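S.K.: Structure file entry_16.cif (mmCIF, C-alpha atoms) is given on the next line.
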```cif
data_structure
#
loop_
_atom_site.label_atom_id
_atom_site.label_comp_id
_atom_site.auth_asym_id
_atom_site.auth_seq_id
_atom_site.Cartn_x
_atom_site.Cartn_y
_atom_site.Cartn_z
CA MET D 918 -16.01 -4.23 16.18
CA ILE D 919 -13.68 -3.22 13.33
CA ASN D 920 -11.30 -0.28 13.70
CA ILE D 921 -9.28 1.12 10.78
CA HIS D 922 -5.84 2.58 11.48
CA TRP D 923 -2.89 3.69 9.40
CA ILE D 924 -0.41 0.87 9.17
CA SER D 925 3.06 1.55 10.49
CA ILE D 926 5.76 1.94 7.88
CA PRO D 927 7.96 -0.93 9.17
CA ALA D 928 4.94 -3.25 9.27
CA LEU D 929 4.02 -2.48 5.66
CA ILE D 930 7.60 -3.01 4.48
CA ILE D 931 7.80 -6.34 6.30
CA GLN D 932 4.45 -7.46 4.87
CA THR D 933 5.42 -6.63 1.28
CA GLY D 934 8.82 -8.23 1.82
CA VAL D 935 7.25 -11.50 2.95
CA LEU D 936 4.79 -11.47 0.03
CA CYS D 937 7.65 -10.81 -2.42
CA LEU D 938 9.58 -13.74 -0.97
CA VAL D 939 6.56 -16.01 -1.43
CA LEU D 940 6.17 -14.99 -5.08
CA TRP D 941 9.90 -15.33 -5.73
CA LEU D 942 9.75 -18.92 -4.46
CA LEU D 943 6.58 -19.53 -6.47
CA SER D 944 8.27 -18.30 -9.66
CA ALA D 945 10.61 -21.31 -9.46
CA TRP D 946 7.62 -23.42 -10.50
CA LYS D 947 8.37 -23.99 -14.17
CA ASN D 948 4.78 -24.30 -15.35
CA ILE D 949 3.41 -21.32 -13.44
CA SER D 950 1.16 -19.06 -15.53
CA PRO D 951 2.82 -15.73 -16.49
CA ARG D 952 -0.61 -14.10 -16.36
CA LEU D 953 -1.14 -15.32 -12.80
CA MET D 954 2.30 -14.12 -11.72
CA TYR D 955 1.67 -10.69 -13.25
CA ILE D 956 -1.58 -10.36 -11.28
CA LEU D 957 0.04 -11.52 -8.04
CA TRP D 958 2.93 -9.05 -8.29
CA TYR D 959 0.46 -6.32 -9.25
CA LEU D 960 -1.57 -7.07 -6.10
CA ILE D 961 1.51 -6.35 -3.97
CA ILE D 962 1.72 -2.90 -5.54
CA LEU D 963 -2.02 -2.32 -5.14
CA ARG D 964 -1.72 -3.17 -1.44
CA HIS D 965 -0.22 0.32 -1.07
CA VAL D 966 -3.49 1.90 -2.25
CA PHE D 967 -4.97 0.85 1.10
CA PRO D 968 -2.18 1.49 3.64
CA PHE D 969 -4.35 0.67 6.63
CA THR D 970 -4.72 -2.13 9.10
CA LEU D 971 -8.06 -3.48 10.27
CA HIS D 972 -8.29 -4.31 13.95
CA ILE D 973 -11.07 -6.84 14.53
CA GLN D 974 -12.08 -7.43 18.13
CA ASN D 975 -15.02 -8.65 20.16
CA ASP D 976 -14.98 -5.62 22.42
CA ARG D 977 -18.36 -4.31 23.41
CA LEU D 978 -19.19 -1.20 25.34
CA PRO D 979 -20.23 -2.08 28.88
CA ASN D 980 -23.76 -1.53 30.05
CA ILE D 981 -22.67 1.06 32.60
CA PRO D 982 -24.39 4.45 32.40
CA PHE D 983 -22.19 7.49 32.74
CA THR D 984 -24.37 8.69 35.60
CA LEU D 985 -22.66 6.19 37.91
CA ALA D 986 -19.76 8.60 38.40
CA PRO D 987 -18.69 12.12 37.53
CA ILE D 988 -17.35 12.76 34.03
CA PHE D 989 -14.48 15.14 33.37
CA THR D 990 -15.19 16.70 29.96
CA ASP D 991 -12.22 19.04 29.48
CA MET D 992 -9.63 16.38 28.72
CA THR D 993 -8.17 17.19 25.30
CA VAL D 994 -4.60 15.99 24.80
CA GLN D 995 -2.34 17.54 22.18
CA PRO D 996 1.28 16.59 21.45
CA ALA D 997 3.86 18.77 23.04
CA ILE D 998 5.91 21.01 20.79
CA SER D 999 9.52 19.92 20.83
CA SER D 1000 12.46 22.00 19.74
CA SER D 1001 14.31 18.92 18.51
CA PHE D 1002 13.45 16.86 15.46
CA SER D 1003 11.98 13.44 16.11
CA PHE D 1004 12.52 10.50 13.79
CA ALA D 1005 8.94 10.89 12.51
CA THR D 1006 9.59 14.54 11.63
CA LEU D 1007 12.83 13.71 9.83
CA PHE D 1008 11.06 10.95 7.92
CA GLN D 1009 8.32 13.36 6.84
CA TYR D 1010 10.90 15.77 5.41
CA PHE D 1011 12.69 12.85 3.76
CA TRP D 1012 9.44 11.68 2.14
CA ILE D 1013 8.47 15.16 0.93
CA ILE D 1014 11.89 15.78 -0.64
CA GLY D 1015 12.07 12.31 -2.22
CA PHE D 1016 8.52 12.47 -3.55
CA MET D 1017 9.01 15.93 -5.07
CA ILE D 1018 12.22 14.85 -6.81
CA LEU D 1019 10.74 11.66 -8.27
CA PHE D 1020 7.39 13.21 -9.19
CA SER D 1021 9.03 16.22 -10.83
CA SER D 1022 11.31 13.88 -12.78
CA MET D 1023 8.30 11.88 -13.94
CA ILE D 1024 6.44 14.99 -15.13
CA LEU D 1025 9.58 16.41 -16.80
CA ASN D 1026 10.20 13.19 -18.70
CA GLU D 1027 6.61 13.19 -19.91
CA TYR D 1028 6.91 16.80 -21.08
CA LEU D 1029 10.21 16.19 -22.89
CA PHE D 1030 8.82 13.02 -24.47
CA ARG D 1031 5.82 14.84 -25.90
CA LYS D 1032 8.00 17.72 -27.03
CA GLN D 1033 10.67 15.62 -28.76
CA LEU D 1034 8.57 12.89 -30.32
CA LYS D 1035 7.42 13.78 -33.83
CA THR D 1036 5.57 11.26 -35.97
CA ILE D 1037 4.09 10.83 -39.42
CA PRO D 1038 1.41 8.33 -40.53
CA ALA D 1039 2.66 4.91 -41.60
CA PRO D 1040 2.70 4.46 -45.41
CA ASP D 1041 -0.22 2.60 -46.97
CA GLN D 1042 2.03 -0.10 -48.44
CA LEU D 1043 3.10 -0.99 -44.88
CA LEU D 1044 -0.46 -1.04 -43.54
CA LEU D 1045 -1.58 -3.42 -46.27
CA LYS D 1046 1.01 -5.96 -45.11
CA LEU D 1047 -0.20 -5.97 -41.53
CA PRO D 1048 -2.71 -8.48 -40.09
CA SER D 1049 -6.33 -7.39 -39.96
CA PHE D 1050 -6.55 -7.20 -36.17
CA SER D 1051 -3.92 -4.44 -36.06
CA ARG D 1052 -5.62 -2.19 -38.60
CA ARG D 1053 -7.96 -0.90 -35.90
CA THR D 1054 -4.97 0.78 -34.24
CA LYS D 1055 -3.31 3.98 -35.36
CA ILE D 1056 0.28 3.34 -36.51
CA GLN D 1057 2.87 6.11 -36.82
CA ILE D 1058 6.49 6.38 -37.96
CA SER D 1059 9.11 8.41 -36.10
CA SER D 1060 12.77 9.22 -36.54
CA TYR D 1061 13.04 10.13 -32.85
CA THR D 1062 13.01 6.61 -31.50
CA ASP D 1063 14.98 3.48 -32.35
CA SER D 1064 12.59 1.09 -30.58
CA PRO D 1065 8.95 0.23 -31.39
CA LEU D 1066 6.55 1.38 -28.70
CA SER D 1067 2.90 1.97 -27.91
CA TYR D 1068 1.80 5.20 -26.27
CA GLY D 1069 -1.36 6.72 -24.87
CA ILE D 1070 -4.40 5.70 -22.86
CA ILE D 1071 -7.46 7.29 -24.46
CA ASN D 1072 -6.24 7.25 -28.08
CA PRO D 1073 -3.32 4.81 -28.05
CA VAL D 1074 -0.94 4.68 -30.98
CA ILE D 1075 1.81 2.29 -32.10
CA ILE D 1076 5.01 4.12 -33.05
CA LEU D 1077 7.61 2.40 -35.22
CA PRO D 1078 11.12 3.69 -35.84
CA ARG D 1079 11.89 4.64 -39.43
CA SER D 1080 14.37 1.75 -39.59
CA ALA D 1081 11.46 -0.70 -39.11
CA LEU D 1082 10.34 0.00 -42.70
CA ASP D 1083 13.33 -2.05 -43.90
CA LEU D 1084 12.50 -5.11 -41.80
CA PRO D 1085 10.96 -8.27 -43.27
CA VAL D 1086 7.17 -8.39 -43.19
CA SER D 1087 7.15 -11.24 -40.65
CA GLU D 1088 9.22 -9.22 -38.18
CA ILE D 1089 7.05 -6.13 -38.62
CA GLN D 1090 3.96 -8.24 -38.01
CA SER D 1091 5.51 -9.65 -34.82
CA ILE D 1092 6.34 -6.17 -33.56
CA ILE D 1093 2.82 -4.90 -34.29
CA ALA D 1094 1.26 -7.96 -32.62
CA HIS D 1095 3.36 -7.36 -29.51
CA GLU D 1096 2.47 -3.68 -29.24
CA TYR D 1097 -1.18 -4.31 -30.11
CA GLU D 1098 -1.42 -6.68 -27.13
CA HIS D 1099 -0.12 -3.89 -24.88
CA ILE D 1100 -2.93 -1.68 -26.13
CA ARG D 1101 -5.58 -4.40 -25.81
CA ARG D 1102 -4.52 -5.04 -22.20
CA HIS D 1103 -4.49 -1.27 -21.37
CA ASP D 1104 -0.92 -1.67 -20.18
CA ALA D 1105 -0.22 2.06 -20.51
CA PHE D 1106 -2.78 2.81 -17.79
CA HIS D 1107 -1.46 0.08 -15.50
CA THR D 1108 2.09 1.31 -16.06
CA ILE D 1109 1.10 4.77 -14.81
CA VAL D 1110 -0.67 3.33 -11.75
CA GLN D 1111 2.35 1.21 -10.84
CA HIS D 1112 4.80 4.05 -11.34
CA VAL D 1113 2.77 6.58 -9.34
CA LEU D 1114 2.44 4.16 -6.42
CA CYS D 1115 6.18 3.50 -6.54
CA VAL D 1116 6.83 7.24 -6.39
CA LEU D 1117 4.47 7.63 -3.42
CA TRP D 1118 6.08 4.72 -1.56
CA PHE D 1119 9.59 5.13 -2.93
CA PHE D 1120 11.18 4.28 0.43
CA ASN D 1121 9.82 0.72 0.29
CA PRO D 1122 12.34 -1.31 -1.75
CA PHE D 1123 9.92 -4.19 -2.22
CA ILE D 1124 7.41 -2.14 -4.21
CA TRP D 1125 10.16 -1.46 -6.77
CA ILE D 1126 10.92 -5.19 -6.90
CA ALA D 1127 7.23 -5.88 -7.53
CA LYS D 1128 7.19 -3.26 -10.28
CA ARG D 1129 10.23 -4.85 -11.94
CA TYR D 1130 8.52 -8.25 -12.00
CA CYS D 1131 5.32 -6.69 -13.35
CA GLU D 1132 7.33 -5.25 -16.23
CA TYR D 1133 8.90 -8.64 -16.90
CA TYR D 1134 5.64 -10.62 -16.94
CA ARG D 1135 3.86 -7.88 -18.90
CA GLU D 1136 6.40 -8.21 -21.70
CA ILE D 1137 6.29 -12.02 -21.51
CA LEU D 1138 2.51 -11.97 -22.03
CA CYS D 1139 2.88 -9.76 -25.10
CA ASP D 1140 5.71 -11.93 -26.42
CA ILE D 1141 3.50 -15.01 -26.12
CA HIS D 1142 0.67 -13.22 -27.92
CA SER D 1143 2.99 -12.17 -30.71
CA LEU D 1144 4.36 -15.69 -31.24
CA ASN D 1145 0.84 -17.16 -31.17
CA ARG D 1146 -0.39 -14.63 -33.74
CA THR D 1147 2.50 -14.92 -36.20
CA ASP D 1148 4.66 -17.58 -37.79
CA MET D 1149 7.91 -16.54 -36.11
CA THR D 1150 9.79 -19.11 -34.07
CA PRO D 1151 11.13 -18.30 -30.58
CA PRO D 1152 14.79 -18.22 -31.77
CA ASP D 1153 13.95 -15.79 -34.60
CA TYR D 1154 11.85 -13.66 -32.27
CA SER D 1155 14.68 -13.61 -29.71
CA GLY D 1156 17.09 -12.42 -32.41
CA LEU D 1157 14.65 -9.62 -33.28
CA LEU D 1158 14.55 -8.51 -29.64
CA LEU D 1159 18.34 -8.49 -29.45
CA ARG D 1160 18.62 -6.34 -32.57
CA ILE D 1161 16.04 -3.92 -31.23
CA ILE D 1162 17.90 -3.69 -27.93
CA GLY D 1163 21.13 -2.97 -29.80
CA ASN D 1164 19.51 -0.17 -31.78
CA SER D 1165 17.66 1.32 -28.81
CA ARG D 1166 20.90 2.04 -26.93
CA SER D 1167 21.20 5.20 -29.02
CA THR D 1168 17.57 6.28 -28.65
CA ARG D 1169 17.00 10.00 -28.28
CA VAL D 1170 13.58 9.75 -26.67
CA LEU D 1171 12.98 9.80 -22.94
CA ASN D 1172 10.42 7.47 -21.41
CA GLY D 1173 6.89 8.80 -21.13
CA MET D 1174 4.41 7.72 -18.47
CA ALA D 1175 1.78 6.07 -20.70
CA LEU D 1176 4.37 4.21 -22.74
CA THR D 1177 5.35 0.56 -23.28
CA ARG D 1178 8.29 -0.58 -25.41
CA ILE D 1179 8.91 -3.95 -27.01
CA ASP D 1180 12.46 -3.98 -25.67
CA GLY D 1181 11.05 -3.40 -22.18
CA ASN D 1182 13.62 -3.47 -19.42
CA ILE D 1183 17.06 -4.49 -20.64
CA TYR D 1184 17.70 -6.40 -17.40
CA ASN D 1185 14.63 -8.57 -18.04
CA LEU D 1186 15.56 -9.33 -21.65
CA LYS D 1187 17.76 -12.32 -20.81
CA LYS D 1188 15.00 -13.90 -18.72
CA ARG D 1189 12.47 -13.30 -21.51
CA ILE D 1190 14.67 -14.98 -24.10
CA VAL D 1191 15.33 -17.96 -21.80
CA TYR D 1192 11.60 -18.35 -21.13
CA LEU D 1193 10.62 -18.15 -24.80
CA ASN D 1194 13.21 -20.73 -25.86
CA THR D 1195 12.72 -23.20 -23.01
CA THR D 1196 9.23 -22.93 -21.51
CA TYR D 1197 7.04 -21.39 -24.21
CA LYS D 1198 4.91 -23.73 -26.33
CA LYS D 1199 3.14 -22.70 -29.49
CA GLY D 1200 -0.54 -21.97 -28.96
CA VAL D 1201 -0.26 -21.87 -25.18
CA THR D 1202 -3.36 -20.33 -23.61
CA MET D 1203 -3.41 -17.75 -20.85
CA MET D 1204 -6.70 -18.99 -19.45
CA PHE D 1205 -6.63 -19.84 -15.75
CA LYS D 1206 -6.84 -23.45 -14.67
CA MET D 1207 -8.35 -24.51 -11.37
CA LYS D 1208 -4.94 -24.59 -9.66
CA HIS D 1209 -4.30 -21.01 -10.78
CA LYS D 1210 -7.65 -19.85 -9.40
CA ILE D 1211 -6.88 -21.54 -6.07
CA LEU D 1212 -3.46 -19.88 -5.86
CA LEU D 1213 -4.94 -16.48 -6.68
CA THR D 1214 -7.64 -16.89 -4.04
CA LEU D 1215 -5.13 -17.98 -1.39
CA PHE D 1216 -2.86 -15.02 -2.17
CA VAL D 1217 -5.73 -12.53 -1.90
CA ILE D 1218 -6.70 -14.09 1.44
CA ALA D 1219 -3.07 -13.79 2.59
CA ILE D 1220 -3.01 -10.07 1.72
CA ILE D 1221 -6.28 -9.52 3.60
CA LEU D 1222 -5.03 -11.41 6.65
CA THR D 1223 -1.78 -9.43 6.75
CA ALA D 1224 -3.89 -6.27 6.81
CA CYS D 1225 -5.87 -7.45 9.84
CA THR D 1226 -5.16 -7.83 13.53
CA PHE D 1227 -7.43 -9.75 15.84
CA GLY D 1228 -8.30 -9.58 19.53
CA THR D 1229 -6.83 -7.19 22.03
CA ASP D 1230 -3.37 -6.19 23.14
CA ASN D 1231 -3.11 -8.54 26.13
CA LYS D 1232 0.50 -7.69 26.80
CA SER D 1233 -0.24 -4.01 27.30
CA ASP D 1234 -3.14 -4.86 29.59
CA ALA D 1235 -0.96 -7.04 31.78
CA GLU D 1236 1.84 -4.48 31.93
CA ASN D 1237 -0.59 -1.76 33.00
CA ASN D 1238 -2.58 -4.03 35.36
CA VAL D 1239 -5.71 -3.17 33.41
CA VAL D 1240 -8.77 -5.41 33.32
CA ARG D 1241 -10.90 -4.86 30.25
CA ILE D 1242 -14.53 -4.41 31.09
CA GLU D 1243 -15.84 -7.31 29.01
CA HIS D 1244 -13.93 -9.77 31.21
CA VAL D 1245 -15.36 -8.42 34.50
CA PRO D 1246 -18.95 -8.89 35.72
CA ASP D 1247 -20.96 -5.69 35.49
CA GLU D 1248 -21.75 -5.99 39.20
CA GLU D 1249 -18.20 -4.96 40.08
CA VAL D 1250 -18.83 -1.40 38.96
CA GLN D 1251 -21.58 -0.08 41.17
CA PHE D 1252 -22.86 3.33 41.96
CA ILE D 1253 -21.81 4.42 45.45
CA PRO D 1254 -23.74 7.44 46.79
CA TYR D 1255 -21.56 10.43 47.61
CA ASP D 1256 -22.00 13.98 48.74
CA THR D 1257 -18.83 15.35 47.14
CA PRO D 1258 -17.35 13.78 43.97
CA PRO D 1259 -13.66 12.99 43.69
CA SER D 1260 -11.47 15.42 41.80
CA PRO D 1261 -7.84 15.39 40.66
CA ILE D 1262 -5.57 17.49 42.81
CA GLY D 1263 -4.63 20.37 40.52
CA GLY D 1264 -7.67 19.89 38.28
CA THR D 1265 -7.73 18.12 34.93
CA ASP D 1266 -4.37 19.71 34.10
CA ALA D 1267 -2.85 17.35 36.64
CA ILE D 1268 -3.92 14.43 34.45
CA LEU D 1269 -3.03 16.11 31.17
CA LYS D 1270 0.53 16.89 32.21
CA ASN D 1271 1.08 13.17 32.83
CA ILE D 1272 -0.06 12.18 29.35
CA ILE D 1273 2.55 11.75 26.64
CA TYR D 1274 1.14 11.60 23.10
CA PRO D 1275 2.51 8.28 21.76
CA GLU D 1276 5.07 8.71 18.98
CA LYS D 1277 3.50 5.84 17.03
CA ALA D 1278 0.10 7.55 17.07
CA LYS D 1279 1.58 10.94 16.13
CA SER D 1280 3.50 9.57 13.15
CA ALA D 1281 0.38 7.73 11.94
CA GLY D 1282 -1.82 10.81 12.42
CA LEU D 1283 -4.14 9.01 14.84
CA GLU D 1284 -6.72 10.90 16.89
CA GLY D 1285 -9.70 9.84 18.97
CA THR D 1286 -11.25 9.49 22.39
CA VAL D 1287 -10.34 6.92 25.03
CA ILE D 1288 -12.91 6.51 27.81
CA ILE D 1289 -11.57 5.11 31.05
CA GLN D 1290 -13.38 4.11 34.21
CA ALA D 1291 -11.11 4.41 37.22
CA PHE D 1292 -11.75 3.48 40.82
CA VAL D 1293 -10.54 6.23 43.17
CA SER D 1294 -10.04 4.79 46.64
CA GLU D 1295 -10.70 6.54 49.92
CA LYS D 1296 -7.00 7.44 49.91
CA GLY D 1297 -7.36 9.26 46.61
CA GLU D 1298 -5.39 6.66 44.67
CA VAL D 1299 -6.46 5.02 41.39
CA THR D 1300 -6.42 1.31 42.11
CA LYS D 1301 -8.29 -0.09 39.09
CA CYS D 1302 -8.81 0.96 35.50
CA LYS D 1303 -11.20 -0.34 32.88
CA ILE D 1304 -11.39 0.55 29.20
CA MET D 1305 -14.89 1.65 28.19
CA LYS D 1306 -13.90 2.93 24.75
CA SER D 1307 -10.63 1.81 23.23
CA ILE D 1308 -8.32 2.83 20.38
CA PRO D 1309 -6.33 -0.42 20.31
CA ASN D 1310 -2.79 -1.00 19.09
CA THR D 1311 -2.00 2.73 18.99
CA GLY D 1312 -0.55 3.37 22.44
CA LEU D 1313 -3.34 5.87 23.20
CA ASP D 1314 -5.10 3.52 25.65
CA GLU D 1315 -1.91 2.90 27.57
CA ALA D 1316 -0.96 6.61 27.62
CA ALA D 1317 -4.33 7.59 29.10
CA ILE D 1318 -4.28 4.79 31.69
CA ASP D 1319 -0.73 5.51 32.77
CA ALA D 1320 -1.53 9.20 33.29
CA VAL D 1321 -4.69 8.48 35.30
CA LYS D 1322 -2.87 6.04 37.58
CA LYS D 1323 -0.14 8.61 38.26
CA THR D 1324 -2.65 11.28 39.28
CA LYS D 1325 -3.53 11.90 42.93
CA PHE D 1326 -7.20 12.63 43.65
CA THR D 1327 -9.16 14.24 46.41
CA PRO D 1328 -11.40 11.32 47.41
CA ALA D 1329 -15.16 11.43 47.30
CA LYS D 1330 -16.96 12.13 50.55
CA GLN D 1331 -20.14 10.80 52.09
CA ASN D 1332 -21.27 12.15 55.44
CA ASN D 1333 -17.84 13.81 55.76
CA LYS D 1334 -16.17 10.43 55.34
CA ASP D 1335 -13.74 9.54 52.53
CA ILE D 1336 -15.07 6.77 50.29
CA GLY D 1337 -14.00 5.02 47.07
CA VAL D 1338 -16.07 5.50 43.89
CA TRP D 1339 -15.83 4.91 40.17
CA ILE D 1340 -15.28 7.85 37.83
CA ALA D 1341 -15.49 8.11 34.02
CA LEU D 1342 -12.66 9.90 32.20
CA PRO D 1343 -13.01 10.66 28.45
CA VAL D 1344 -9.55 11.58 27.18
CA VAL D 1345 -9.55 13.23 23.74
CA PHE D 1346 -6.34 12.90 21.73
CA ARG D 1347 -6.14 15.56 19.04
CA LEU D 1348 -3.35 16.65 16.69
CA ASN D 1349 -2.90 20.29 15.69
#
```
With the file now loaded, output its structure as structure tokens.
M.R.:
Amino acid sequence: MINIHWISIPALIIQTGVLCLVLWLLSAWKNISPRLMYILWYLIILRHVFPFTLHIQNDRLPNIPFTLAPIFTDMTVQPAISSSFSFATLFQYFWIIGFMILFSSMILNEYLFRKQLKTIPAPDQLLLKLPSFSRRTKIQISSYTDSPLSYGIINPVIILPRSALDLPVSEIQSIIAHEYEHIRRHDAFHTIVQHVLCVLWFFNPFIWIAKRYCEYYREILCDIHSLNRTDMTPPDYSGLLLRIIGNSRSTRVLNGMALTRIDGNIYNLKKRIVYLNTTYKKGVTMMFKMKHKILLTLFVIAIILTACTFGTDNKSDAENNVVRIEHVPDEEVQFIPYDTPPSPIGGTDAILKNIIYPEKAKSAGLEGTVIIQAFVSEKGEVTKCKIMKSIPNTGLDEAAIDAVKKTKFTPAKQNNKDIGVWIALPVVFRLN
């Protein structure tokens, strides 16, 4: 059986941290494919699209009909209202405030970018000098930016600063080839996806690290494309990047969401220049080799495995002296005739008041029904518990069992004699 639960925040942060460490060590491999590394770092970000954990277990519902014992149906548990703030409540307020600040900033930057950026069509004499592959893309000139960039998802456009008109033809062609590769790869769309996920999970530092590496490898891939498409050498291309960086320090344009710039992130520029002048080889292909496919497959498997848990929580079972029903012969639970069924002293409220809604389940928004079979002895004490329906790894099973074992019952009677019988207790956990 497979159960899907929200993953805890610390667990997700630890998982992404471990994956980031693996990729950081892998990046030391000199001949590693930049395209492969971009995909691997991107997968870490996409892991946050599915913030769940899959619990895979061999549990099966026992073949014990509910008619063997009385069922208490009014057993709905809701978290108690506390006058003090819990850590989960404080974290919720922290997330709401942080998300609103970052999201508002993102929308404001996009608005100001669209408002400030004014462009005119590139002159025909410039277009005639460009390679044929770039003529399918709309090229504009603007005085409101000092750095070449590509912008847009549906109708992307390459925007050149007015100063680019004075550059040599070879440098203009290199710039256009770089930005054209961004458009061909739909990098503007992926940039938005990565940024939105970072805003949603802003409290996880490792998602920002993954985003930084995605930016680096994205620019590397476009640099390689530009050098393969033109006659520029890596040293000349590096000098062009440095000049663009120097000019872009005085840019008056804010960053938009669907935007990529040739200067990229200034902190990645040094690494880009080192790569182009030491590792890059003319005509290098970005096609995956067998070793790259194996690495990609292993990494995907690793992400899937980190999102899964297997088996049952044996530690909790031992601590609560609980025997799960699949490990006990069905013959142990037998119907014992009775004249009067057992009942909790004080009614079902006596059980409910002993149940504490687990903080882990509340913070993850978990609800559901736990069905317990308990043996009530002739003394009215619960001596054995079995899980008929479980919500594993949430604390809900343990909370229900602990409450049932603390409850005193009026024992069942047969011929005016106290006897021990099994009872079924469905406990419904529900959040307001």
S.K.: May I ask which of the residues D:Ile1089, D:Val1293, D:Leu1342, D:Leu1117 is the closest one to D:Thr1327, counting all atoms listed in the file?
M.R.: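 Smallest distance to D:Thr1327 is found for D:Val1293.
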S.K.: Using the chain letters and numbers from this file, what does the PyMOL selection byres ((chain D and resi 1146-1151) around 8) select? Give the answer as a list in words.
M.R.: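 Taken on the displayed file, the PyMOL selection byres ((chain D and resi 1146-1151) around 8) yields the residues Ser1087, Glu1088, Gln1090, Ser1091, Ala1094, His1142, Ser1143, Leu1144, Asn1145, Pro1152, Asp1153, Tyr1154, Ser1155, Leu1193 and Asn1194 of chain D.
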S.K.: Identify, on the basis of all atoms listed in the file, every residue whose closest approach to D:Ile1075 does not exceed 9 Å; exclude the query and any residue fewer than 4 positions from it along the same chain; express the result as a tab-separated table (two decimals) with C-alpha atoms, in the coordinates of the input.
M.R.:
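File out11.tsv, as written:
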```tsv
chain	number	residue	atom	x	y	z
D	1054	THR	CA	-4.97	0.78	-34.24
D	1055	LYS	CA	-3.31	3.98	-35.36
D	1056	ILE	CA	0.28	3.34	-36.51
D	1057	GLN	CA	2.87	6.11	-36.82
D	1058	ILE	CA	6.49	6.38	-37.96
D	1065	PRO	CA	8.95	0.23	-31.39
D	1066	LEU	CA	6.55	1.38	-28.70
D	1067	SER	CA	2.90	1.97	-27.91
D	1068	TYR	CA	1.80	5.20	-26.27
D	1093	ILE	CA	2.82	-4.90	-34.29
D	1096	GLU	CA	2.47	-3.68	-29.24
D	1097	TYR	CA	-1.18	-4.31	-30.11
D	1100	ILE	CA	-2.93	-1.68	-26.13
```
S.K.: Please expand the PyMOL selection byres ((chain D and resi 1288) around 7) into the concrete residues it hits in this file, giving the result as a list in words.
M.R.: Thr1286, Val1287, Ile1289, Gln1290, Ile1304, Met1305, Lys1306, Ser1307, Ala1341, Leu1342, Pro1343 and Val1344 of chain D
S.K.: Got time to write the residues from that selection, C-alpha atoms, as an mmCIF file, in the frame of the given file?
M.R.:
```cif
data_model
loop_
_atom_site.group_PDB
_atom_site.id
_atom_site.type_symbol
_atom_site.label_atom_id
_atom_site.label_comp_id
_atom_site.auth_asym_id
_atom_site.auth_seq_id
_atom_site.Cartn_x
_atom_site.Cartn_y
_atom_site.Cartn_z
ATOM 1 C CA THR D 1286 -11.250 9.490 22.390
ATOM 2 C CA VAL D 1287 -10.340 6.920 25.030
ATOM 3 C CA ILE D 1289 -11.570 5.110 31.050
ATOM 4 C CA GLN D 1290 -13.380 4.110 34.210
ATOM 5 C CA ILE D 1304 -11.390 0.550 29.200
ATOM 6 C CA MET D 1305 -14.890 1.650 28.190
ATOM 7 C CA LYS D 1306 -13.900 2.930 24.750
ATOM 8 C CA SER D 1307 -10.630 1.810 23.230
ATOM 9 C CA ALA D 1341 -15.490 8.110 34.020
ATOM 10 C CA LEU D 1342 -12.660 9.900 32.200
ATOM 11 C CA PRO D 1343 -13.010 10.660 28.450
ATOM 12 C CA VAL D 1344 -9.550 11.580 27.180
#
```
S.K.: I'd like to know which of D:Leu1283, D:Ile1221, D:Ile1262, D:Val935 is closest to D:Pro1309, using only C-alpha atoms.
M.R.: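 Looking only at the distances to D:Pro1309, the closest residue turns out to be D:Leu1283.
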S.K.: Excluding stretch 1199-1207 of chain D and residues on its chain fewer than 5 positions from it, collect all residues at most 8 Å away from it, counting only C-alpha atoms, and give them as a PDB file with C-alpha atoms, in the frame of the given file.
M.R.:
```
ATOM      1  CA  SER D 950       1.160 -19.060 -15.530  1.00  0.00           C
ATOM      2  CA  PRO D 951       2.820 -15.730 -16.490  1.00  0.00           C
ATOM      3  CA  ARG D 952      -0.610 -14.100 -16.360  1.00  0.00           C
ATOM      4  CA  LEU D 953      -1.140 -15.320 -12.800  1.00  0.00           C
ATOM      5  CA  ILE D1141       3.500 -15.010 -26.120  1.00  0.00           C
ATOM      6  CA  LEU D1144       4.360 -15.690 -31.240  1.00  0.00           C
ATOM      7  CA  ASN D1145       0.840 -17.160 -31.170  1.00  0.00           C
TER       8      ASN D1145
END
```
S.K.: Report as a list in words the full result of the PyMOL selection byres ((chain D and resi 1326) around 9) when it is applied to this structure.
M.R.: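 Answer for the PyMOL selection byres ((chain D and resi 1326) around 9): Pro1259, Ser1260, Pro1261, Ile1262, Gly1263, Val1293, Ser1294, Lys1296, Gly1297, Glu1298, Val1299, Thr1324, Lys1325, Thr1327, Pro1328 and Ala1329 of chain D.
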S.K.: Show which residues sit within 7 Å of stretch 1045-1050 of chain D, as a PyMOL selection string. Count all atoms listed in the file, and ignore same-chain residues fewer than 3 positions away.
M.R.: chain D and resi 1041-1042+1053+1086+1090
S.K.: Write to file, as a compact mmCIF listing (two decimals), in the coordinates of the input, the residues of the selection just made, with C-alpha atoms.
M.R.:
```txt
# COMPACT_ATOMS: atom_id res chain seq x y z
CA ASP D 1041 -0.22 2.60 -46.97
CA GLN D 1042 2.03 -0.10 -48.44
CA ARG D 1053 -7.96 -0.90 -35.90
CA VAL D 1086 7.17 -8.39 -43.19
CA GLN D 1090 3.96 -8.24 -38.01
```
